[in-house]
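Engineer: Dropping in input.cif, with mmCIF, C-alpha atoms and all ligand atoms.
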data_run
loop_
_atom_site.label_atom_id
_atom_site.label_comp_id
_atom_site.auth_asym_id
_atom_site.auth_seq_id
_atom_site.Cartn_x
_atom_site.Cartn_y
_atom_site.Cartn_z
CA MET A 95 -67.05 153.08 7.98
CA PRO A 96 -67.25 150.74 11.00
CA GLY A 97 -70.84 149.81 11.88
CA PHE A 98 -72.84 148.60 14.89
CA GLY A 99 -70.70 145.45 15.27
CA ALA A 100 -67.59 147.58 15.68
CA PHE A 101 -69.40 149.73 18.25
CA THR A 102 -70.41 146.74 20.42
CA LEU A 103 -66.85 145.38 20.18
CA LEU A 104 -65.55 148.77 21.29
CA VAL A 105 -67.87 148.81 24.31
CA ARG A 106 -66.81 145.28 25.29
CA GLU A 107 -63.11 146.13 24.97
CA LEU A 108 -63.60 149.31 26.99
CA ARG A 109 -65.32 147.33 29.78
CA ARG A 110 -62.41 144.86 29.86
CA ASP A 111 -59.87 147.72 29.92
CA ILE A 112 -61.66 149.38 32.85
CA ALA A 113 -61.90 146.03 34.68
CA ALA A 114 -58.15 145.51 34.11
CA THR A 115 -57.46 148.93 35.63
CA ARG A 116 -59.56 148.10 38.69
CA ASP A 117 -57.85 144.72 39.09
CA ARG A 118 -54.26 145.80 38.62
CA ASP A 119 -54.03 149.44 39.78
CA PRO A 120 -53.96 149.62 43.59
CA ALA A 121 -55.00 153.28 43.26
CA ALA A 122 -58.21 152.22 41.47
CA ARG A 123 -59.55 149.95 44.21
CA GLY A 124 -62.95 151.21 45.25
CA VAL A 125 -63.08 153.75 42.42
CA GLY A 126 -66.20 153.68 40.22
CA GLN A 127 -66.14 152.82 36.52
CA GLY A 128 -67.29 156.34 35.59
CA GLU A 129 -64.45 157.96 37.52
CA ILE A 130 -61.90 155.63 35.91
CA LEU A 131 -63.34 156.41 32.48
CA ALA A 132 -63.16 160.14 33.18
CA THR A 133 -59.74 160.39 34.83
CA TRP A 134 -57.38 157.48 33.88
CA PRO A 135 -55.08 158.50 30.98
CA GLY A 136 -54.40 154.86 30.06
CA ILE A 137 -58.14 154.36 29.50
CA HIS A 138 -58.37 157.52 27.37
CA ALA A 139 -55.44 156.37 25.25
CA LEU A 140 -56.90 152.89 24.77
CA LEU A 141 -60.38 154.17 23.91
CA ALA A 142 -58.91 156.57 21.34
CA TYR A 143 -56.65 153.80 19.98
CA ARG A 144 -59.56 151.38 19.60
CA VAL A 145 -61.55 153.97 17.63
CA ALA A 146 -58.50 154.86 15.51
CA HIS A 147 -57.71 151.16 14.93
CA ALA A 148 -61.26 150.43 13.75
CA LEU A 149 -61.12 153.41 11.35
CA HIS A 150 -57.66 152.35 10.14
CA GLY A 151 -58.96 148.81 9.52
CA ALA A 152 -61.85 150.26 7.53
CA GLY A 153 -59.40 152.06 5.25
CA VAL A 154 -60.05 155.57 6.56
CA ARG A 155 -57.01 157.77 5.99
CA VAL A 156 -55.63 160.73 8.01
CA LEU A 157 -58.29 160.60 10.78
CA PRO A 158 -56.76 157.60 12.64
CA ARG A 159 -53.34 159.28 12.75
CA THR A 160 -54.96 162.55 13.81
CA ILE A 161 -56.69 160.78 16.70
CA SER A 162 -53.40 159.13 17.66
CA MET A 163 -51.55 162.46 17.55
CA LEU A 164 -54.19 164.29 19.65
CA THR A 165 -54.26 161.44 22.19
CA ARG A 166 -50.50 161.59 22.55
CA THR A 167 -50.77 165.33 23.24
CA LEU A 168 -53.40 164.71 25.95
CA THR A 169 -52.02 161.57 27.62
CA GLY A 170 -48.34 161.26 26.65
CA ILE A 171 -49.17 157.78 25.29
CA GLU A 172 -48.51 157.15 21.61
CA ILE A 173 -50.14 154.10 20.01
CA HIS A 174 -49.95 153.62 16.27
CA PRO A 175 -53.46 152.97 14.88
CA ALA A 176 -52.21 149.84 13.05
CA ALA A 177 -50.79 148.20 16.21
CA ARG A 178 -52.77 145.17 17.38
CA ILE A 179 -53.84 145.12 21.02
CA GLY A 180 -55.85 142.42 22.80
CA GLU A 181 -58.32 142.87 25.63
CA GLY A 182 -57.57 143.88 29.20
CA LEU A 183 -54.47 146.02 28.57
CA PHE A 184 -53.61 148.17 31.58
CA ILE A 185 -51.31 151.17 31.04
CA ASP A 186 -50.32 152.62 34.43
CA HIS A 187 -49.57 156.38 34.52
CA GLY A 188 -48.80 156.17 30.82
CA THR A 189 -46.56 159.13 30.05
CA GLY A 190 -43.87 158.17 27.57
CA VAL A 191 -45.43 154.89 26.43
CA VAL A 192 -44.82 154.26 22.71
CA ILE A 193 -46.40 151.32 20.84
CA GLY A 194 -45.19 151.00 17.27
CA GLU A 195 -47.02 150.21 14.06
CA THR A 196 -46.36 146.45 13.89
CA ALA A 197 -46.48 145.76 17.62
CA ASP A 198 -48.78 142.94 18.64
CA ILE A 199 -50.05 142.79 22.24
CA GLY A 200 -52.00 139.86 23.67
CA ASP A 201 -54.63 139.86 26.44
CA ASP A 202 -54.20 141.07 30.03
CA VAL A 203 -50.88 142.81 29.51
CA THR A 204 -49.63 145.53 31.89
CA LEU A 205 -47.41 148.41 30.79
CA TYR A 206 -45.96 151.04 33.12
CA GLN A 207 -44.92 154.54 32.11
CA GLY A 208 -42.06 155.01 29.69
CA VAL A 209 -42.34 151.61 27.99
CA THR A 210 -41.27 151.51 24.34
CA LEU A 211 -42.35 148.74 21.98
CA GLY A 212 -40.19 149.99 19.15
CA GLY A 213 -38.12 149.12 16.12
CA THR A 214 -34.33 148.99 16.03
CA GLY A 215 -33.75 151.11 12.95
CA PHE A 216 -35.12 151.80 9.53
CA ALA A 217 -36.27 148.25 8.71
CA THR A 218 -39.68 147.84 7.11
CA GLY A 219 -42.23 145.05 7.60
CA LYS A 220 -42.71 143.45 11.03
CA ARG A 221 -40.24 145.40 13.17
CA HIS A 222 -41.89 145.79 16.58
CA PRO A 223 -42.30 143.29 19.44
CA THR A 224 -44.98 140.68 19.88
CA VAL A 225 -46.09 140.59 23.52
CA GLN A 226 -48.04 137.49 24.51
CA ASP A 227 -50.77 137.24 27.18
CA ASN A 228 -50.28 138.20 30.85
CA VAL A 229 -46.95 139.97 30.37
CA THR A 230 -45.87 142.81 32.72
CA ILE A 231 -43.43 145.41 31.41
CA GLY A 232 -41.80 147.71 34.01
CA SER A 233 -41.41 151.46 33.72
CA GLY A 234 -38.85 152.71 31.23
CA ALA A 235 -38.27 149.29 29.64
CA LYS A 236 -37.33 149.36 25.96
CA LEU A 237 -38.32 146.34 23.87
CA LEU A 238 -36.86 146.68 20.42
CA GLY A 239 -37.25 144.73 17.19
CA PRO A 240 -39.55 141.90 16.04
CA ILE A 241 -38.94 139.87 19.21
CA THR A 242 -41.47 137.74 21.10
CA ILE A 243 -42.11 138.20 24.80
CA GLY A 244 -43.45 134.87 26.02
CA HIS A 245 -46.69 134.69 27.99
CA GLY A 246 -46.52 135.49 31.68
CA ALA A 247 -43.06 137.09 31.41
CA LYS A 248 -42.03 140.06 33.57
CA ILE A 249 -39.67 142.68 32.20
CA GLY A 250 -37.86 144.70 34.88
CA ALA A 251 -38.01 148.47 34.98
CA ASN A 252 -35.45 150.14 32.68
CA SER A 253 -34.47 146.89 30.95
CA VAL A 254 -33.46 146.98 27.29
CA VAL A 255 -34.70 143.82 25.59
CA ILE A 256 -33.54 142.95 22.07
CA THR A 257 -33.97 139.16 22.02
CA ASP A 258 -36.90 136.78 22.54
CA VAL A 259 -38.01 136.29 26.13
CA PRO A 260 -39.07 132.80 27.31
CA PRO A 261 -42.57 132.36 28.78
CA ASN A 262 -42.96 132.77 32.58
CA SER A 263 -39.54 134.36 32.99
CA THR A 264 -38.22 137.54 34.59
CA VAL A 265 -35.82 139.56 32.47
CA VAL A 266 -33.75 142.49 33.80
CA GLY A 267 -30.80 144.60 32.73
CA ASN A 268 -29.29 146.09 29.61
CA PRO A 269 -29.14 144.00 27.53
CA GLY A 270 -32.00 142.17 29.21
CA HIS A 271 -31.34 138.60 30.35
CA PRO A 272 -33.57 136.08 32.11
CA VAL A 273 -32.85 135.91 35.85
CA ARG A 274 -35.85 133.73 36.74
CA VAL A 275 -37.61 131.08 34.63
CA ASP A 276 -40.75 129.46 36.05
CA GLY A 277 -39.96 131.15 39.37
CA ARG A 278 -36.49 129.57 39.66
CA ARG A 279 -33.19 131.46 39.62
CA VAL A 280 -31.29 130.82 36.37
CA GLU A 281 -28.16 128.81 37.22
CA GLY A 282 -24.85 128.57 35.36
CA PRO A 283 -21.39 130.15 35.24
CA ASP A 284 -22.56 133.24 33.33
CA ALA A 285 -26.05 133.42 34.79
CA ASP A 286 -25.62 136.33 37.21
CA TRP A 287 -26.84 139.15 35.01
CA ILE A 288 -27.90 141.29 37.99
CA HIS A 289 -24.58 141.76 39.76
CA LEU A 290 -22.44 142.66 36.78
CA PRO A 291 -18.79 143.64 37.36
CA ASP A 292 -18.14 147.34 37.87
CA PRO A 293 -14.59 148.03 36.53
CA ILE A 294 -14.39 151.52 38.10
CA ALA A 295 -15.41 150.25 41.55
CA GLU A 296 -12.94 147.37 41.20
CA ALA A 297 -10.10 149.79 40.28
CA ILE A 298 -10.89 151.98 43.33
CA GLN A 299 -11.00 148.90 45.55
CA ALA A 300 -7.58 147.78 44.24
CA LEU A 301 -6.15 151.26 44.94
CA SER A 302 -7.65 151.25 48.46
CA ALA A 303 -6.08 147.86 49.17
CA ARG A 304 -2.71 149.17 47.91
CA ILE A 305 -2.94 152.21 50.21
CA VAL A 306 -3.66 149.94 53.20
CA THR A 307 -0.57 147.83 52.35
CA LEU A 308 1.59 150.95 52.01
CA GLU A 309 0.28 152.35 55.34
CA ARG A 310 1.18 149.06 57.05
CA GLN A 311 4.65 149.05 55.54
CA LEU A 312 5.14 152.71 56.54
CA ALA A 313 4.00 152.00 60.12
CA GLU A 314 6.40 149.04 60.37
CA ALA A 315 9.31 151.11 59.00
CA SER A 316 8.72 154.12 61.29
CA ASP A 317 9.96 154.24 64.91
CA GLY A 318 6.97 156.10 66.40
CA PRO A 319 3.88 154.58 68.09
CA PRO A 320 1.57 152.65 65.70
CA ARG A 321 -1.14 154.84 64.17
CA PRO A 322 -4.65 153.53 63.37
CA LEU A 323 -5.15 152.54 59.74
CA ALA A 324 -7.63 154.54 57.69
CA GLU A 325 -11.03 152.87 57.37
CA VAL A 326 -11.79 151.62 53.85
CA ARG A 327 -15.53 151.51 53.34
CA PRO A 328 -17.01 148.85 50.99
CA LEU A 329 -18.11 150.44 47.73
CA ARG A 330 -21.26 148.43 47.20
CA THR A 331 -23.10 145.38 48.37
CA VAL A 332 -22.43 142.52 45.99
CA ARG A 333 -25.38 140.42 47.16
CA GLY A 334 -28.20 141.11 49.53
CA PRO A 335 -31.82 142.02 49.86
CA ASN A 336 -33.39 144.08 47.12
CA PRO A 337 -33.48 147.66 48.47
CA ALA A 338 -36.63 148.25 46.41
CA GLY A 339 -38.37 145.52 48.35
CA GLY A 340 -38.70 143.09 45.41
C1 LIG A 401 -38.87 142.61 37.49
C2 LIG A 401 -40.01 142.79 38.50
C3 LIG A 401 -41.34 142.70 37.75
C4 LIG A 401 -39.95 141.71 39.58
O1 LIG A 401 -40.13 140.41 39.04
P1 LIG A 401 -39.97 139.09 39.91
O2 LIG A 401 -40.12 137.91 38.99
O3 LIG A 401 -40.89 139.16 41.09
O4 LIG A 401 -38.45 139.16 40.31
P2 LIG A 401 -37.74 139.44 41.72
O5 LIG A 401 -38.32 140.62 42.42
O6 LIG A 401 -37.63 138.13 42.43
O7 LIG A 401 -36.29 139.87 41.17
C5 LIG A 401 -35.42 138.96 40.55
C6 LIG A 401 -34.03 139.54 40.63
O8 LIG A 401 -33.96 140.66 39.72
C7 LIG A 401 -33.58 141.86 40.40
N1 LIG A 401 -34.37 142.94 39.79
C8 LIG A 401 -35.69 143.12 39.90
N2 LIG A 401 -36.08 144.17 39.15
C9 LIG A 401 -34.96 144.66 38.57
C10 LIG A 401 -34.73 145.74 37.68
N3 LIG A 401 -35.72 146.51 37.24
N4 LIG A 401 -33.47 145.95 37.26
C11 LIG A 401 -32.43 145.16 37.70
N5 LIG A 401 -32.60 144.12 38.56
C12 LIG A 401 -33.86 143.88 38.97
C13 LIG A 401 -33.92 141.60 41.88
O9 LIG A 401 -33.13 142.37 42.74
C14 LIG A 401 -33.67 140.11 42.01
O10 LIG A 401 -32.28 139.94 42.22
P3 LIG A 401 -31.67 138.65 43.08
O11 LIG A 401 -31.73 137.49 42.13
O12 LIG A 401 -30.30 139.09 43.42
O13 LIG A 401 -32.58 138.46 44.25
C15 LIG A 401 -39.91 144.13 39.25
O14 LIG A 401 -38.70 144.21 39.97
C16 LIG A 401 -40.03 145.34 38.34
O15 LIG A 401 -39.07 145.85 37.78
N6 LIG A 401 -41.32 145.79 38.22
C17 LIG A 401 -41.65 146.97 37.49
C18 LIG A 401 -42.45 147.84 38.41
C19 LIG A 401 -42.61 149.25 37.89
O16 LIG A 401 -42.20 149.59 36.80
N7 LIG A 401 -43.24 150.04 38.70
C20 LIG A 401 -43.53 151.40 38.37
C21 LIG A 401 -44.67 151.83 39.28
S1 LIG A 401 -44.95 153.54 39.09
#
What does this structure look like when you write it as structure tokens?
Ligand SMILES: CC(C)(COP(=O)(O)OP(=O)(O)OC[C@H]1O[C@@H](n2cnc3c(N)ncnc32)[C@H](O)[C@@H]1OP(=O)(O)O)[C@@H](O)C(=O)NCCC(=O)NCCS
Structural biologist:
Amino acid sequence: MPGFGAFTLLVRELRRDIAATRDRDPAARGVGQGEILATWPGIHALLAYRVAHALHGAGVRVLPRTISMLTRTLTGIEIHPAARIGEGLFIDHGTGVVIGETADIGDDVTLYQGVTLGGTGFATGKRHPTVQDNVTIGSGAKLLGPITIGHGAKIGANSVVITDVPPNSTVVGNPGHPVRVDGRRVEGPDADWIHLPDPIAEAIQALSARIVTLERQLAEASDGPPRPLAEVRPLRTVRGPNPAGG
């Protein structure tokens, strides 16, 4: 069974996790450590995981999985006891977070609700992502397979990432693609992964244009006074400010 050394490590990790919550959760500013410990589900899940992980490492059977299962029931966060997690992880809100058995998470990582660090199928061995230090993963993002998310990367909400992510990049979309690397927009003929073509909108636009042409031809062919053409509203903004505020 884990001894005093494991206990002091647990206390240190818990302190770092609480400090990470205070640093990165705007809702935790000015909230005391005791209140965070008592009421933040991400902290409960991490504390339970760290106990379960220590027991798992010591060869204890059944109990680690039982702790994991009970924690999932209480917090909605499922962390496999064998997953490896560094210090200073912050899980915001938490519900729906799944961290698989062979996932490897570095230090000072932030996960929002609904993040999956999962496998792609029934493969065995290393089959979950490796997330390096200082990575932020937005709500609902799915990171699948034994991929590496480079340090300092940001993964946009609801992205589906199935390939390695370069360090200090921003990845969005499904499948996820880098749209910023080292703060600079990714350039190139196929680099616009944000404003992907929408075939249905394009078909409707083509039909609208055809109706306008027909209306003009009809007006020219008729003898009566010219009638105003129907307004065709644009279907979507192709470029422009981020409505979410960035
Ligand atoms: C990706 C994210 C981290 C921003 O990273 P960033 O490096 O600051 O990137 P920017 O805001 O400059 O966005 C880069 C581009 O990606 C687009 N983008 C940002 N997030 C996106 C997303 N989730 N899906 C699709 N496109 C996205 C932006 O509109 C911008 O497009 P542009 O090149 O046309 O300007 C942020 O948008 C995000 O998704 N955060 C997750 C937050 C979250 O989950 N909150 C839950 C709180 S409860």
Engineer: Find the residues near ligand LIG 401 (chain A). Use a cut-off of 6 Å, count only C-alpha atoms and all ligand atoms, and write them as number ranges by chain.
Structural biologist: A: 206, 232-233, 248-252, 264, 266-267, 288, 336, 340
Engineer: I want to know what sits within 12 Å of Pro135 (chain A), based on all atoms listed in the file, with residues of the same chain fewer than 5 positions away left out; could you give that as a list in words?
Structural biologist: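 My list of contacting residues is Asp111, Ile112, Thr115, Glu129, Ile130, Leu140, Leu141, Ala142, Thr165, Arg166, Thr167, Leu168, Thr169, Gly170, Ile171, Glu172, Phe184, Ile185, Asp186, His187, Gly188, Thr189, Gly190, Val191, Tyr206 and Gln207 of chain A.
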Engineer: Just give me the gap between CA of Leu238 (chain A) and CA of Val273 (chain A) in Å, one decimal is fine.
Structural biologist: 19.2 Å
Engineer: Report the distance between CA of His138 (chain A) and CA of Ile241 (chain A) in Å, rounded to one decimal place.
Structural biologist: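 Atom-to-atom, CA of His138 (chain A) to CA of Ile241 (chain A), that is 27.5 Å.
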Engineer: Go through A:Gly194, A:Pro272, A:Pro223, A:Pro293 and flag the residue nearest Ile256 (chain A), using all atoms listed in the file for the distances.
Structural biologist: A:Pro223
Engineer: How far is it from CA of Asn262 (chain A) to CA of His245 (chain A), in Å with one decimal?
Structural biologist: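 So the answer is 6.2 Å.
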Engineer: Using all atoms listed in the file, what residues lie at most 10 Å away from (-40.3, 144.6, 25.8) (file coordinates), given as an mmCIF file with C-alpha atoms, keeping the file's coordinate frame?
Structural biologist:
data_model
loop_
_atom_site.group_PDB
_atom_site.id
_atom_site.type_symbol
_atom_site.label_atom_id
_atom_site.label_comp_id
_atom_site.auth_asym_id
_atom_site.auth_seq_id
_atom_site.Cartn_x
_atom_site.Cartn_y
_atom_site.Cartn_z
ATOM 1 C CA LEU A 205 -47.410 148.410 30.790
ATOM 2 C CA VAL A 209 -42.340 151.610 27.990
ATOM 3 C CA THR A 210 -41.270 151.510 24.340
ATOM 4 C CA LEU A 211 -42.350 148.740 21.980
ATOM 5 C CA GLY A 212 -40.190 149.990 19.150
ATOM 6 C CA HIS A 222 -41.890 145.790 16.580
ATOM 7 C CA PRO A 223 -42.300 143.290 19.440
ATOM 8 C CA THR A 224 -44.980 140.680 19.880
ATOM 9 C CA VAL A 225 -46.090 140.590 23.520
ATOM 10 C CA VAL A 229 -46.950 139.970 30.370
ATOM 11 C CA THR A 230 -45.870 142.810 32.720
ATOM 12 C CA ILE A 231 -43.430 145.410 31.410
ATOM 13 C CA GLY A 232 -41.800 147.710 34.010
ATOM 14 C CA GLY A 234 -38.850 152.710 31.230
ATOM 15 C CA ALA A 235 -38.270 149.290 29.640
ATOM 16 C CA LYS A 236 -37.330 149.360 25.960
ATOM 17 C CA LEU A 237 -38.320 146.340 23.870
ATOM 18 C CA LEU A 238 -36.860 146.680 20.420
ATOM 19 C CA GLY A 239 -37.250 144.730 17.190
ATOM 20 C CA ILE A 241 -38.940 139.870 19.210
ATOM 21 C CA THR A 242 -41.470 137.740 21.100
ATOM 22 C CA ILE A 243 -42.110 138.200 24.800
ATOM 23 C CA ALA A 247 -43.060 137.090 31.410
ATOM 24 C CA LYS A 248 -42.030 140.060 33.570
ATOM 25 C CA ILE A 249 -39.670 142.680 32.200
ATOM 26 C CA GLY A 250 -37.860 144.700 34.880
ATOM 27 C CA SER A 253 -34.470 146.890 30.950
ATOM 28 C CA VAL A 254 -33.460 146.980 27.290
ATOM 29 C CA VAL A 255 -34.700 143.820 25.590
ATOM 30 C CA ILE A 256 -33.540 142.950 22.070
ATOM 31 C CA THR A 257 -33.970 139.160 22.020
ATOM 32 C CA ASP A 258 -36.900 136.780 22.540
ATOM 33 C CA VAL A 259 -38.010 136.290 26.130
ATOM 34 C CA VAL A 265 -35.820 139.560 32.470
ATOM 35 C CA GLY A 270 -32.000 142.170 29.210
#
Engineer: Which residue is closest to Ser302 (chain A)? Choose from A:Asp227, A:Leu164, A:Glu325, A:Leu131 and count only C-alpha atoms.
Structural biologist: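 Of the candidates, the smallest distance to Ser302 (chain A) is held by A:Glu325.
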Engineer: What lies within 12 Å of Arg106 (chain A) using only C-alpha atoms, ignoring chain neighbours under 4 positions off, as a list of chain:residue names?
Structural biologist: A:Gly99, A:Ala100, A:Phe101, A:Thr102, A:Arg110, A:Asp111, A:Ile112, A:Ala113, A:Leu141, A:Arg144, A:Gly180, A:Glu181, A:Gly182
Engineer: With C-alpha atoms kept, could you save the residues just selected as a PDB file, in the frame of the given file?
Structural biologist:
ATOM      1  CA  GLY A  99     -70.700 145.450  15.270  1.00  0.00           C
ATOM      2  CA  ALA A 100     -67.590 147.580  15.680  1.00  0.00           C
ATOM      3  CA  PHE A 101     -69.400 149.730  18.250  1.00  0.00           C
ATOM      4  CA  THR A 102     -70.410 146.740  20.420  1.00  0.00           C
ATOM      5  CA  ARG A 110     -62.410 144.860  29.860  1.00  0.00           C
ATOM      6  CA  ASP A 111     -59.870 147.720  29.920  1.00  0.00           C
ATOM      7  CA  ILE A 112     -61.660 149.380  32.850  1.00  0.00           C
ATOM      8  CA  ALA A 113     -61.900 146.030  34.680  1.00  0.00           C
ATOM      9  CA  LEU A 141     -60.380 154.170  23.910  1.00  0.00           C
ATOM     10  CA  ARG A 144     -59.560 151.380  19.600  1.00  0.00           C
ATOM     11  CA  GLY A 180     -55.850 142.420  22.800  1.00  0.00           C
ATOM     12  CA  GLU A 181     -58.320 142.870  25.630  1.00  0.00           C
ATOM     13  CA  GLY A 182     -57.570 143.880  29.200  1.00  0.00           C
TER      14      GLY A 182
END
